[in-house]
>>> print(open('entry34.tsv').read())   # TSV, C-alpha atoms
chain	number	residue	atom	x	y	z
A	1	MET	CA	0.00	0.00	0.00
A	2	ASN	CA	1.18	3.51	-0.74
A	3	PRO	CA	3.17	4.55	2.36
A	4	LEU	CA	1.55	7.95	2.48
A	5	ILE	CA	-1.90	6.40	2.56
A	6	ALA	CA	-0.77	3.91	5.19
A	7	ALA	CA	0.69	6.60	7.41
A	8	ALA	CA	-2.30	8.89	6.99
A	9	SER	CA	-4.70	6.04	7.77
A	10	VAL	CA	-2.85	5.16	10.95
A	11	VAL	CA	-2.82	8.75	12.15
A	12	GLY	CA	-6.46	9.15	11.21
A	13	ALA	CA	-7.45	5.99	13.04
A	14	GLY	CA	-5.65	7.03	16.19
A	15	LEU	CA	-7.13	10.51	16.16
A	16	SER	CA	-10.59	9.16	15.42
A	17	VAL	CA	-10.88	7.06	18.53
A	18	GLY	CA	-8.87	9.40	20.73
A	19	LEU	CA	-10.92	12.48	20.03
A	20	ALA	CA	-14.20	10.59	20.16
A	21	ALA	CA	-13.37	9.35	23.63
A	22	ILE	CA	-13.05	12.87	25.05
A	23	GLY	CA	-16.71	13.75	24.63
A	24	SER	CA	-17.90	10.41	25.88
A	25	GLY	CA	-15.68	10.62	28.94
A	26	VAL	CA	-16.94	14.06	29.88
A	27	GLY	CA	-20.56	13.18	29.16
A	28	GLN	CA	-20.62	9.91	31.01
A	29	GLY	CA	-18.74	11.40	33.95
A	30	THR	CA	-21.27	14.19	34.28
A	31	ALA	CA	-24.17	11.76	33.99
A	32	ALA	CA	-22.68	9.48	36.62
A	33	GLY	CA	-22.08	12.43	38.93
A	34	TYR	CA	-25.69	13.53	38.80
A	35	ALA	CA	-26.88	9.96	39.17
A	36	VAL	CA	-24.79	9.41	42.27
A	37	GLU	CA	-26.06	12.70	43.69
A	38	GLY	CA	-29.61	11.56	43.03
A	39	ILE	CA	-29.00	8.28	44.79
A	40	ALA	CA	-27.42	10.07	47.72
A	41	ARG	CA	-30.41	12.34	47.98
A	42	GLN	CA	-32.99	9.54	47.73
A	43	PRO	CA	-31.58	6.04	48.24
A	44	GLU	CA	-34.87	4.25	47.61
A	45	ALA	CA	-34.91	5.50	44.00
A	46	GLU	CA	-31.67	3.68	43.27
A	47	GLY	CA	-33.20	1.11	40.90
A	48	LYS	CA	-34.77	3.65	38.59
A	49	ILE	CA	-31.76	5.93	38.68
A	50	ARG	CA	-29.47	3.07	37.81
A	51	GLY	CA	-31.73	1.99	34.95
A	52	ALA	CA	-31.78	5.47	33.45
A	53	LEU	CA	-28.05	5.83	33.99
A	54	LEU	CA	-27.13	2.61	32.21
A	55	LEU	CA	-29.37	3.38	29.28
A	56	SER	CA	-27.84	6.85	28.99
A	57	PHE	CA	-24.36	5.33	29.12
A	58	ALA	CA	-25.23	3.10	26.17
A	59	PHE	CA	-26.31	6.06	24.09
A	60	ILE	CA	-23.31	8.23	24.96
A	61	GLU	CA	-20.95	5.31	24.41
A	62	SER	CA	-22.34	4.74	20.96
A	63	LEU	CA	-20.88	8.06	19.79
A	64	THR	CA	-17.40	6.87	20.69
A	65	ILE	CA	-18.18	3.58	19.00
A	66	TYR	CA	-18.87	5.44	15.76
A	67	GLY	CA	-15.33	6.80	16.00
A	68	LEU	CA	-14.06	3.30	16.67
A	69	VAL	CA	-15.84	1.98	13.60
A	70	VAL	CA	-14.14	4.62	11.46
A	71	ALA	CA	-10.80	3.60	12.93
A	72	LEU	CA	-11.46	-0.08	12.28
A	73	VAL	CA	-12.45	0.64	8.70
A	74	LEU	CA	-9.25	2.63	8.16
A	75	LEU	CA	-7.09	-0.10	9.61
A	76	PHE	CA	-8.70	-3.28	8.33
A	77	ALA	CA	-10.93	-2.42	5.39
A	78	ASN	CA	-9.15	0.59	4.00
A	79	PRO	CA	-10.93	1.80	0.88
A	80	PHE	CA	-7.86	3.67	-0.40
A	81	SER	CA	-5.38	0.82	-0.40
A	82	GLY	CA	-4.15	-1.15	-3.38
B	1	MET	CA	1.34	-14.42	14.95
B	2	ILE	CA	3.23	-15.95	17.83
B	3	GLN	CA	4.61	-19.21	16.60
B	4	THR	CA	6.16	-22.02	18.58
B	5	PHE	CA	7.82	-24.99	17.09
B	6	PHE	CA	4.68	-27.04	16.53
B	7	PHE	CA	1.74	-24.68	16.42
B	8	ASN	CA	0.68	-21.05	16.54
B	9	ILE	CA	-0.08	-19.85	20.02
B	10	ASN	CA	-2.04	-16.95	18.78
B	11	GLU	CA	-3.17	-15.16	15.71
B	12	LEU	CA	-5.25	-12.05	15.39
B	13	THR	CA	-7.11	-11.37	12.18
B	14	VAL	CA	-9.93	-9.01	11.32
B	15	GLY	CA	-11.76	-9.00	8.06
B	16	GLN	CA	-11.01	-12.58	7.05
B	17	HIS	CA	-14.17	-14.48	6.26
B	18	TRP	CA	-15.21	-17.95	5.22
B	19	TYR	CA	-16.85	-17.16	1.93
B	20	TRP	CA	-19.74	-19.24	0.69
B	21	THR	CA	-21.39	-18.66	-2.67
B	22	ILE	CA	-25.17	-18.95	-2.51
B	23	PHE	CA	-27.18	-18.21	-5.66
B	24	GLY	CA	-24.30	-16.22	-7.04
B	25	TYR	CA	-23.88	-14.07	-3.91
B	26	GLU	CA	-20.86	-14.33	-1.65
B	27	VAL	CA	-21.87	-14.61	1.99
B	28	HIS	CA	-19.90	-14.89	5.20
B	29	GLY	CA	-20.29	-18.52	6.13
B	30	GLN	CA	-18.98	-18.26	9.66
B	31	VAL	CA	-21.70	-15.74	10.56
B	32	LEU	CA	-24.39	-18.03	9.18
B	33	VAL	CA	-23.05	-21.01	11.12
B	34	THR	CA	-22.98	-19.17	14.44
B	35	ALA	CA	-26.36	-17.55	13.77
B	36	TRP	CA	-27.88	-20.98	13.14
B	37	PHE	CA	-26.33	-22.18	16.36
B	38	VAL	CA	-27.96	-19.27	18.22
B	39	PHE	CA	-31.32	-20.06	16.62
B	40	ALA	CA	-30.97	-23.71	17.63
B	41	LEU	CA	-30.04	-22.73	21.18
B	42	ILE	CA	-33.03	-20.44	21.61
B	43	ARG	CA	-35.37	-23.00	20.02
B	44	ILE	CA	-34.16	-25.84	22.25
B	45	PHE	CA	-34.55	-23.61	25.30
B	46	SER	CA	-38.08	-22.64	24.34
B	47	LEU	CA	-39.07	-26.26	23.65
B	48	ALA	CA	-37.61	-27.43	26.94
B	49	ALA	CA	-39.22	-24.60	28.91
B	50	ASN	CA	-42.65	-25.10	27.40
B	51	ARG	CA	-43.12	-28.78	28.09
B	52	ASP	CA	-45.14	-29.76	31.18
B	53	LEU	CA	-46.40	-26.27	31.91
B	54	LYS	CA	-47.33	-25.85	35.56
B	55	GLU	CA	-49.40	-23.29	37.39
B	56	THR	CA	-46.54	-22.33	39.68
B	57	PRO	CA	-43.57	-22.29	37.36
B	58	ASP	CA	-40.20	-23.64	38.30
B	59	GLY	CA	-36.93	-24.37	36.56
B	60	LEU	CA	-36.75	-23.45	32.90
B	61	GLN	CA	-40.38	-22.41	32.75
B	62	ASN	CA	-39.67	-19.83	35.43
B	63	LEU	CA	-36.78	-18.43	33.41
B	64	ALA	CA	-38.86	-18.33	30.24
B	65	GLU	CA	-41.67	-16.50	32.04
B	66	PHE	CA	-39.17	-14.04	33.49
B	67	ILE	CA	-37.80	-13.29	30.04
B	68	THR	CA	-41.31	-12.95	28.61
B	69	GLU	CA	-42.35	-10.54	31.33
B	70	PHE	CA	-39.18	-8.56	30.86
B	71	VAL	CA	-39.80	-8.15	27.13
B	72	ARG	CA	-43.46	-7.42	27.76
B	73	ASP	CA	-42.45	-4.68	30.14
B	74	ILE	CA	-40.12	-3.14	27.55
B	75	ALA	CA	-42.93	-3.27	24.99
B	76	LYS	CA	-45.44	-1.71	27.38
B	77	THR	CA	-43.25	1.21	28.42
B	78	GLN	CA	-42.14	1.99	24.89
B	79	ILE	CA	-45.23	1.28	22.82
B	80	GLY	CA	-47.98	2.08	25.29
B	81	GLU	CA	-50.87	0.13	26.76
B	82	ASP	CA	-53.06	-0.49	23.73
B	83	ASP	CA	-51.08	-2.36	21.23
B	84	HIS	CA	-47.95	-3.63	22.88
B	85	LEU	CA	-48.78	-7.34	22.92
B	86	THR	CA	-48.60	-7.69	19.15
B	87	TRP	CA	-45.06	-6.37	19.23
B	88	VAL	CA	-43.75	-8.54	22.06
B	89	PRO	CA	-42.71	-11.38	19.70
B	90	PHE	CA	-40.73	-9.01	17.51
B	91	LEU	CA	-38.98	-7.23	20.37
B	92	GLY	CA	-38.44	-10.51	22.17
B	93	ALA	CA	-36.88	-12.10	19.10
B	94	ILE	CA	-34.52	-9.17	18.66
B	95	PHE	CA	-33.61	-9.06	22.34
B	96	LEU	CA	-33.03	-12.80	22.64
B	97	PHE	CA	-31.11	-13.11	19.40
B	98	ILE	CA	-28.73	-10.28	20.27
B	99	PHE	CA	-28.33	-11.37	23.89
B	100	VAL	CA	-27.70	-15.04	23.15
B	101	SER	CA	-25.42	-14.33	20.21
B	102	ASN	CA	-23.29	-11.83	22.16
B	103	TRP	CA	-22.95	-14.09	25.18
B	104	SER	CA	-22.34	-17.22	23.12
B	105	GLY	CA	-19.66	-15.39	21.19
B	106	ALA	CA	-17.92	-14.36	24.38
B	107	LEU	CA	-18.37	-17.48	26.51
B	108	LEU	CA	-18.24	-20.48	24.21
B	109	PRO	CA	-14.83	-21.85	23.13
B	110	TRP	CA	-15.39	-21.34	19.42
B	111	HIS	CA	-11.71	-21.59	18.57
B	112	ILE	CA	-11.64	-25.35	19.07
B	113	LEU	CA	-13.35	-25.61	15.70
B	114	GLU	CA	-11.18	-24.61	12.81
B	115	ILE	CA	-12.78	-23.27	9.65
B	116	PRO	CA	-11.19	-22.58	6.28
B	117	GLY	CA	-11.26	-18.80	6.55
B	118	GLY	CA	-11.83	-16.40	9.41
B	119	GLU	CA	-12.93	-17.41	12.88
B	120	LEU	CA	-16.16	-18.41	14.54
B	121	ALA	CA	-17.39	-15.72	16.93
B	122	ALA	CA	-20.59	-13.88	17.78
B	123	PRO	CA	-22.74	-13.42	14.68
B	124	THR	CA	-23.32	-9.81	15.68
B	125	ASN	CA	-19.66	-8.97	15.14
B	126	ASP	CA	-20.42	-8.69	11.43
B	127	ILE	CA	-21.90	-5.43	10.18
B	128	ASN	CA	-24.24	-7.37	7.89
B	129	THR	CA	-26.06	-8.98	10.82
B	130	THR	CA	-26.55	-5.74	12.70
B	131	VAL	CA	-27.63	-3.85	9.59
B	132	ALA	CA	-30.14	-6.61	8.89
B	133	LEU	CA	-31.59	-6.25	12.39
B	134	ALA	CA	-31.72	-2.47	12.02
B	135	ILE	CA	-33.47	-2.66	8.66
B	136	LEU	CA	-35.99	-5.09	10.17
B	137	THR	CA	-36.67	-2.50	12.86
B	138	SER	CA	-37.12	0.19	10.21
B	139	ILE	CA	-39.57	-2.00	8.32
B	140	ALA	CA	-41.38	-2.69	11.59
B	141	TYR	CA	-41.96	0.92	12.51
B	142	PHE	CA	-42.90	1.90	8.96
B	143	TYR	CA	-45.35	-0.98	8.92
B	144	ARG	CA	-46.91	0.13	12.17
B	145	GLY	CA	-47.22	3.74	11.06
B	146	LEU	CA	-48.63	2.90	7.66
B	147	SER	CA	-51.03	0.24	8.92
B	148	LYS	CA	-52.40	2.47	11.67
B	149	LYS	CA	-52.65	5.74	9.81
B	150	GLY	CA	-52.44	4.86	6.13
B	151	LEU	CA	-50.96	7.65	4.09
B	152	GLY	CA	-51.65	10.07	6.94
B	153	TYR	CA	-48.47	8.65	8.41
B	154	PHE	CA	-46.48	11.01	6.24
B	155	ASN	CA	-47.95	14.00	8.07
B	156	ARG	CA	-45.50	13.39	10.86
B	157	TYR	CA	-42.68	14.47	8.59
B	158	VAL	CA	-43.98	18.03	8.66
B	159	SER	CA	-45.13	18.15	12.26
B	160	PRO	CA	-44.81	20.26	14.35
B	161	ALA	CA	-43.38	22.58	11.67
B	162	ALA	CA	-42.68	22.16	7.97
B	163	PHE	CA	-39.08	23.27	8.09
B	164	LEU	CA	-38.32	20.12	10.10
B	165	LEU	CA	-38.92	17.98	7.01
B	166	PRO	CA	-35.22	17.46	6.14
B	167	ILE	CA	-34.43	16.58	9.75
B	168	ASN	CA	-37.24	14.06	9.91
B	169	VAL	CA	-36.24	12.47	6.63
B	170	LEU	CA	-32.65	12.32	7.83
B	171	GLU	CA	-33.86	10.67	11.01
B	172	ASP	CA	-35.23	7.80	8.94
B	173	PHE	CA	-31.70	7.13	7.78
B	174	THR	CA	-29.85	7.77	11.02
B	175	LYS	CA	-32.11	5.51	13.08
B	176	PRO	CA	-31.05	2.24	11.43
B	177	LEU	CA	-27.51	3.53	11.00
B	178	SER	CA	-27.05	4.29	14.68
B	179	LEU	CA	-28.75	1.05	15.77
B	180	SER	CA	-26.52	-1.07	13.59
B	181	PHE	CA	-23.27	0.74	14.34
B	182	ARG	CA	-23.86	0.82	18.07
B	183	LEU	CA	-24.33	-2.94	18.28
B	184	PHE	CA	-21.61	-3.80	15.76
B	185	GLY	CA	-19.06	-1.47	17.35
B	186	ASN	CA	-19.69	-2.74	20.86
B	187	VAL	CA	-19.41	-6.40	19.96
B	188	LEU	CA	-16.45	-6.13	17.62
B	189	ALA	CA	-14.58	-3.79	19.97
B	190	ASP	CA	-14.90	-6.16	22.88
B	191	GLU	CA	-13.79	-9.12	20.77
B	192	LEU	CA	-10.78	-7.19	19.50
B	193	VAL	CA	-9.76	-6.05	22.98
B	194	VAL	CA	-9.99	-9.57	24.34
B	195	ALA	CA	-8.08	-10.94	21.37
B	196	VAL	CA	-5.29	-8.39	21.76
B	197	LEU	CA	-5.03	-9.05	25.49
B	198	VAL	CA	-4.91	-12.79	24.89
B	199	THR	CA	-2.07	-12.19	22.45
B	200	LEU	CA	-0.18	-10.30	25.14
B	201	VAL	CA	-1.04	-12.18	28.35
B	202	PRO	CA	-3.00	-15.37	27.69
B	203	LEU	CA	-3.79	-16.19	31.35
B	204	PHE	CA	-6.24	-14.44	33.71
B	205	VAL	CA	-5.69	-10.86	32.55
B	206	PRO	CA	-8.35	-10.95	29.79
B	207	ILE	CA	-11.00	-12.17	32.24
B	208	PRO	CA	-12.07	-8.75	33.63
B	209	LEU	CA	-12.46	-7.52	30.06
B	210	ILE	CA	-14.49	-10.57	29.13
B	211	LEU	CA	-16.76	-9.78	32.08
B	212	LEU	CA	-17.03	-6.16	30.99
B	213	GLY	CA	-17.85	-7.41	27.52
B	214	LEU	CA	-20.61	-9.64	28.86
B	215	PHE	CA	-22.08	-6.71	30.76
B	216	THR	CA	-21.95	-4.22	27.89
B	217	SER	CA	-23.24	-6.70	25.33
B	218	ALA	CA	-26.22	-7.54	27.54
B	219	ILE	CA	-26.92	-3.81	27.88
B	220	GLN	CA	-26.66	-3.45	24.10
B	221	ALA	CA	-29.30	-6.15	23.64
B	222	LEU	CA	-31.54	-4.22	26.01
B	223	VAL	CA	-30.80	-0.89	24.31
B	224	PHE	CA	-31.45	-2.27	20.82
B	225	SER	CA	-34.81	-3.73	21.78
B	226	THR	CA	-35.76	-0.65	23.82
B	227	LEU	CA	-34.94	1.63	20.92
B	228	ALA	CA	-36.78	-0.64	18.48
B	229	GLY	CA	-39.80	-0.41	20.77
B	230	ALA	CA	-39.42	3.36	21.04
B	231	TYR	CA	-39.32	3.79	17.25
B	232	ILE	CA	-42.35	1.54	16.86
B	233	GLY	CA	-44.12	3.50	19.55
B	234	GLU	CA	-43.38	6.93	18.21
B	235	ALA	CA	-44.43	6.00	14.68
B	236	VAL	CA	-48.04	6.67	15.63
B	237	GLU	CA	-47.56	9.61	17.91
B	238	GLU	CA	-46.92	13.28	17.52
B	239	HIS	CA	-43.31	14.28	17.53
B	240	HIS	CA	-41.88	14.25	21.01
B	241	LEU	CA	-38.17	14.51	21.40
B	242	LEU	CA	-36.57	12.85	24.42
B	243	LYS	CA	-39.57	10.59	25.08
B	244	VAL	CA	-37.28	7.60	25.45
B	245	PHE	CA	-35.46	8.80	28.52
B	246	PHE	CA	-38.41	9.29	30.80
B	247	THR	CA	-39.85	5.84	30.43
B	248	ILE	CA	-37.34	3.61	32.21
>>> encode(input="entry34.tsv", output="structure tokens")
Amino acid sequence: MNPLIAAASVVGAGLSVGLAAIGSGVGQGTAAGYAVEGIARQPEAEGKIRGALLLSFAFIESLTIYGLVVALVLLFANPFSG
Amino acid sequence: MIQTFFFNINELTVGQHWYWTIFGYEVHGQVLVTAWFVFALIRIFSLAANRDLKETPDGLQNLAEFITEFVRDIAKTQIGEDDHLTWVPFLGAIFLFIFVSNWSGALLPWHILEIPGGELAAPTNDINTTVALAILTSIAYFYRGLSKKGLGYFNRYVSPAAFLLPINVLEDFTKPLSLSFRLFGNVLADELVVAVLVTLVPLFVPIPLILLGLFTSAIQALVFSTLAGAYIGEAVEEHHLLKVFFTI
């Protein structure tokens, strides 16, 4: 494969996942913080709070996963190679 | 590849498939084999749980009733009181297929069986499987909207305001896209992480990540079926953003 394309793909893949993880980290941390505060304020609501929290985590995580998919495509199914 | 004198200790490949040609189309055989295994597993479980039904359930019947009530609850919160029972089979099939395939891919020792190309793993680690499930969900919510409202269904593209038309049309494309990518990315990412760790430290260290993978893949099964239910539910309602989050 053209070395320029290979190098650019590697850099792109690394940046893709790395940058995508920033937003997810901040978002999930904030969500977890508010959830823990809610549990501390009202311990008997823990089940519902945990349910909403886990579902929210799945959605926020999926944005990072999109970045991961781009990285995987660049590394293993590169459309610009050959 | 880490190679000893007699055999490879480990090999990590992505994108290698066992190609079958069916009616002139090339398909990924390893995904079909593992998907059939998942179907067989679910079918055997349902047959075993439904024999000798008792009033007070125990054993497998208890587990089957628990799963049915769980799916029924998802359907009721997402679709509403009136119509949810007709959609329980669909949501249940999606939930069970994704759950059993993710856990069977992570827990069962598939690598004992060697196949001529690629590896056996969870069938949901292939984008084709997840896109198929997402397109089924799209067809399901279109079907519900069109069967309940006829051509009046298309009014929801311009409600509450006409300038939202491009966004609503775009939503019809992003819904299956996000469903499929979320599931595919989660499953493949966990498999890759475990595979890389096994390449580095084959004993004990991958286990916490396998457990994390079991947890997240179970959540993804729940999220996929919850979102499928939410899309089916909102196909006959006025446009409410954020309805999903307040119904857990």
>>> atom_distance(input="entry34.tsv", atom1="CA of Tyr25 in chain B", atom2="CA of Leu74 in chain A")
25.3 Å
>>> atom_distance(input="entry34.tsv", atom1="CA of Val158 in chain B", atom2="CA of Ala228 in chain B")
22.3 Å
>>> closest_residue(input="entry34.tsv", among="B:Ser147, B:Ser178, B:Asn102, B:Asn155", to="Thr216 in chain B", atoms="only C-alpha atoms")
B:Asn102
>>> closest_atom_pairs(input="entry34.tsv", of="chain B", to="chain A", cutoff="12 Å", atoms="only C-alpha atoms", output="JSON lines")
{"residue": "B:Leu12", "atom": "CA", "partner": "A:Phe76", "partner_atom": "CA", "distance": 11.8}
{"residue": "B:Thr13", "atom": "CA", "partner": "A:Phe76", "partner_atom": "CA", "distance": 9.1}
{"residue": "B:Val14", "atom": "CA", "partner": "A:Phe76", "partner_atom": "CA", "distance": 6.6}
{"residue": "B:Gly15", "atom": "CA", "partner": "A:Phe76", "partner_atom": "CA", "distance": 6.5}
{"residue": "B:Gln16", "atom": "CA", "partner": "A:Phe76", "partner_atom": "CA", "distance": 9.7}
{"residue": "B:Asn125", "atom": "CA", "partner": "A:Val69", "partner_atom": "CA", "distance": 11.7}
{"residue": "B:Asp126", "atom": "CA", "partner": "A:Val69", "partner_atom": "CA", "distance": 11.8}
{"residue": "B:Ile127", "atom": "CA", "partner": "A:Val69", "partner_atom": "CA", "distance": 10.2}
{"residue": "B:Leu177", "atom": "CA", "partner": "A:Tyr66", "partner_atom": "CA", "distance": 10.0}
{"residue": "B:Ser178", "atom": "CA", "partner": "A:Ser62", "partner_atom": "CA", "distance": 7.9}
{"residue": "B:Leu179", "atom": "CA", "partner": "A:Ser62", "partner_atom": "CA", "distance": 9.0}
{"residue": "B:Ser180", "atom": "CA", "partner": "A:Ser62", "partner_atom": "CA", "distance": 10.3}
{"residue": "B:Phe181", "atom": "CA", "partner": "A:Tyr66", "partner_atom": "CA", "distance": 6.6}
{"residue": "B:Arg182", "atom": "CA", "partner": "A:Ser62", "partner_atom": "CA", "distance": 5.1}
{"residue": "B:Leu183", "atom": "CA", "partner": "A:Ser62", "partner_atom": "CA", "distance": 8.4}
{"residue": "B:Phe184", "atom": "CA", "partner": "A:Val69", "partner_atom": "CA", "distance": 8.4}
{"residue": "B:Gly185", "atom": "CA", "partner": "A:Ile65", "partner_atom": "CA", "distance": 5.4}
{"residue": "B:Asn186", "atom": "CA", "partner": "A:Ile65", "partner_atom": "CA", "distance": 6.8}
{"residue": "B:Val187", "atom": "CA", "partner": "A:Ile65", "partner_atom": "CA", "distance": 10.1}
{"residue": "B:Leu188", "atom": "CA", "partner": "A:Val69", "partner_atom": "CA", "distance": 9.1}
{"residue": "B:Ala189", "atom": "CA", "partner": "A:Leu68", "partner_atom": "CA", "distance": 7.8}
{"residue": "B:Asp190", "atom": "CA", "partner": "A:Ile65", "partner_atom": "CA", "distance": 11.0}
{"residue": "B:Leu192", "atom": "CA", "partner": "A:Leu72", "partner_atom": "CA", "distance": 10.2}
{"residue": "B:Phe215", "atom": "CA", "partner": "A:Leu54", "partner_atom": "CA", "distance": 10.7}
{"residue": "B:Thr216", "atom": "CA", "partner": "A:Ala58", "partner_atom": "CA", "distance": 8.2}
{"residue": "B:Ser217", "atom": "CA", "partner": "A:Ala58", "partner_atom": "CA", "distance": 10.0}
{"residue": "B:Ala218", "atom": "CA", "partner": "A:Ala58", "partner_atom": "CA", "distance": 10.8}
{"residue": "B:Ile219", "atom": "CA", "partner": "A:Ala58", "partner_atom": "CA", "distance": 7.3}
{"residue": "B:Gln220", "atom": "CA", "partner": "A:Ala58", "partner_atom": "CA", "distance": 7.0}
{"residue": "B:Ala221", "atom": "CA", "partner": "A:Ala58", "partner_atom": "CA", "distance": 10.4}
{"residue": "B:Leu222", "atom": "CA", "partner": "A:Leu55", "partner_atom": "CA", "distance": 8.6}
{"residue": "B:Val223", "atom": "CA", "partner": "A:Leu55", "partner_atom": "CA", "distance": 6.7}
{"residue": "B:Phe224", "atom": "CA", "partner": "A:Ala58", "partner_atom": "CA", "distance": 9.8}
{"residue": "B:Ser225", "atom": "CA", "partner": "A:Leu55", "partner_atom": "CA", "distance": 11.7}
{"residue": "B:Thr226", "atom": "CA", "partner": "A:Leu55", "partner_atom": "CA", "distance": 9.3}
{"residue": "B:Leu227", "atom": "CA", "partner": "A:Leu55", "partner_atom": "CA", "distance": 10.2}
{"residue": "B:Leu242", "atom": "CA", "partner": "A:Ser56", "partner_atom": "CA", "distance": 11.5}
{"residue": "B:Val244", "atom": "CA", "partner": "A:Leu55", "partner_atom": "CA", "distance": 9.7}
{"residue": "B:Phe245", "atom": "CA", "partner": "A:Ala52", "partner_atom": "CA", "distance": 7.0}
{"residue": "B:Phe246", "atom": "CA", "partner": "A:Ala52", "partner_atom": "CA", "distance": 8.1}
{"residue": "B:Thr247", "atom": "CA", "partner": "A:Ala52", "partner_atom": "CA", "distance": 8.6}
{"residue": "B:Ile248", "atom": "CA", "partner": "A:Ala52", "partner_atom": "CA", "distance": 6.0}
>>> closest_residue(input="entry34.tsv", among="B:Tyr143, B:Phe66, B:Trp20, B:Phe97", to="Trp36 in chain B", atoms="only C-alpha atoms")
B:Phe97
>>> closest_residue(input="entry34.tsv", among="A:Ala40, A:Ile60, A:Ala45, A:Ala8", to="Ala21 in chain A", atoms="all atoms listed in the file")
A:Ile60
>>> atom_distance(input="entry34.tsv", atom1="CA of Glu81 in chain B", atom2="CA of Ala230 in chain B")
13.2 Å
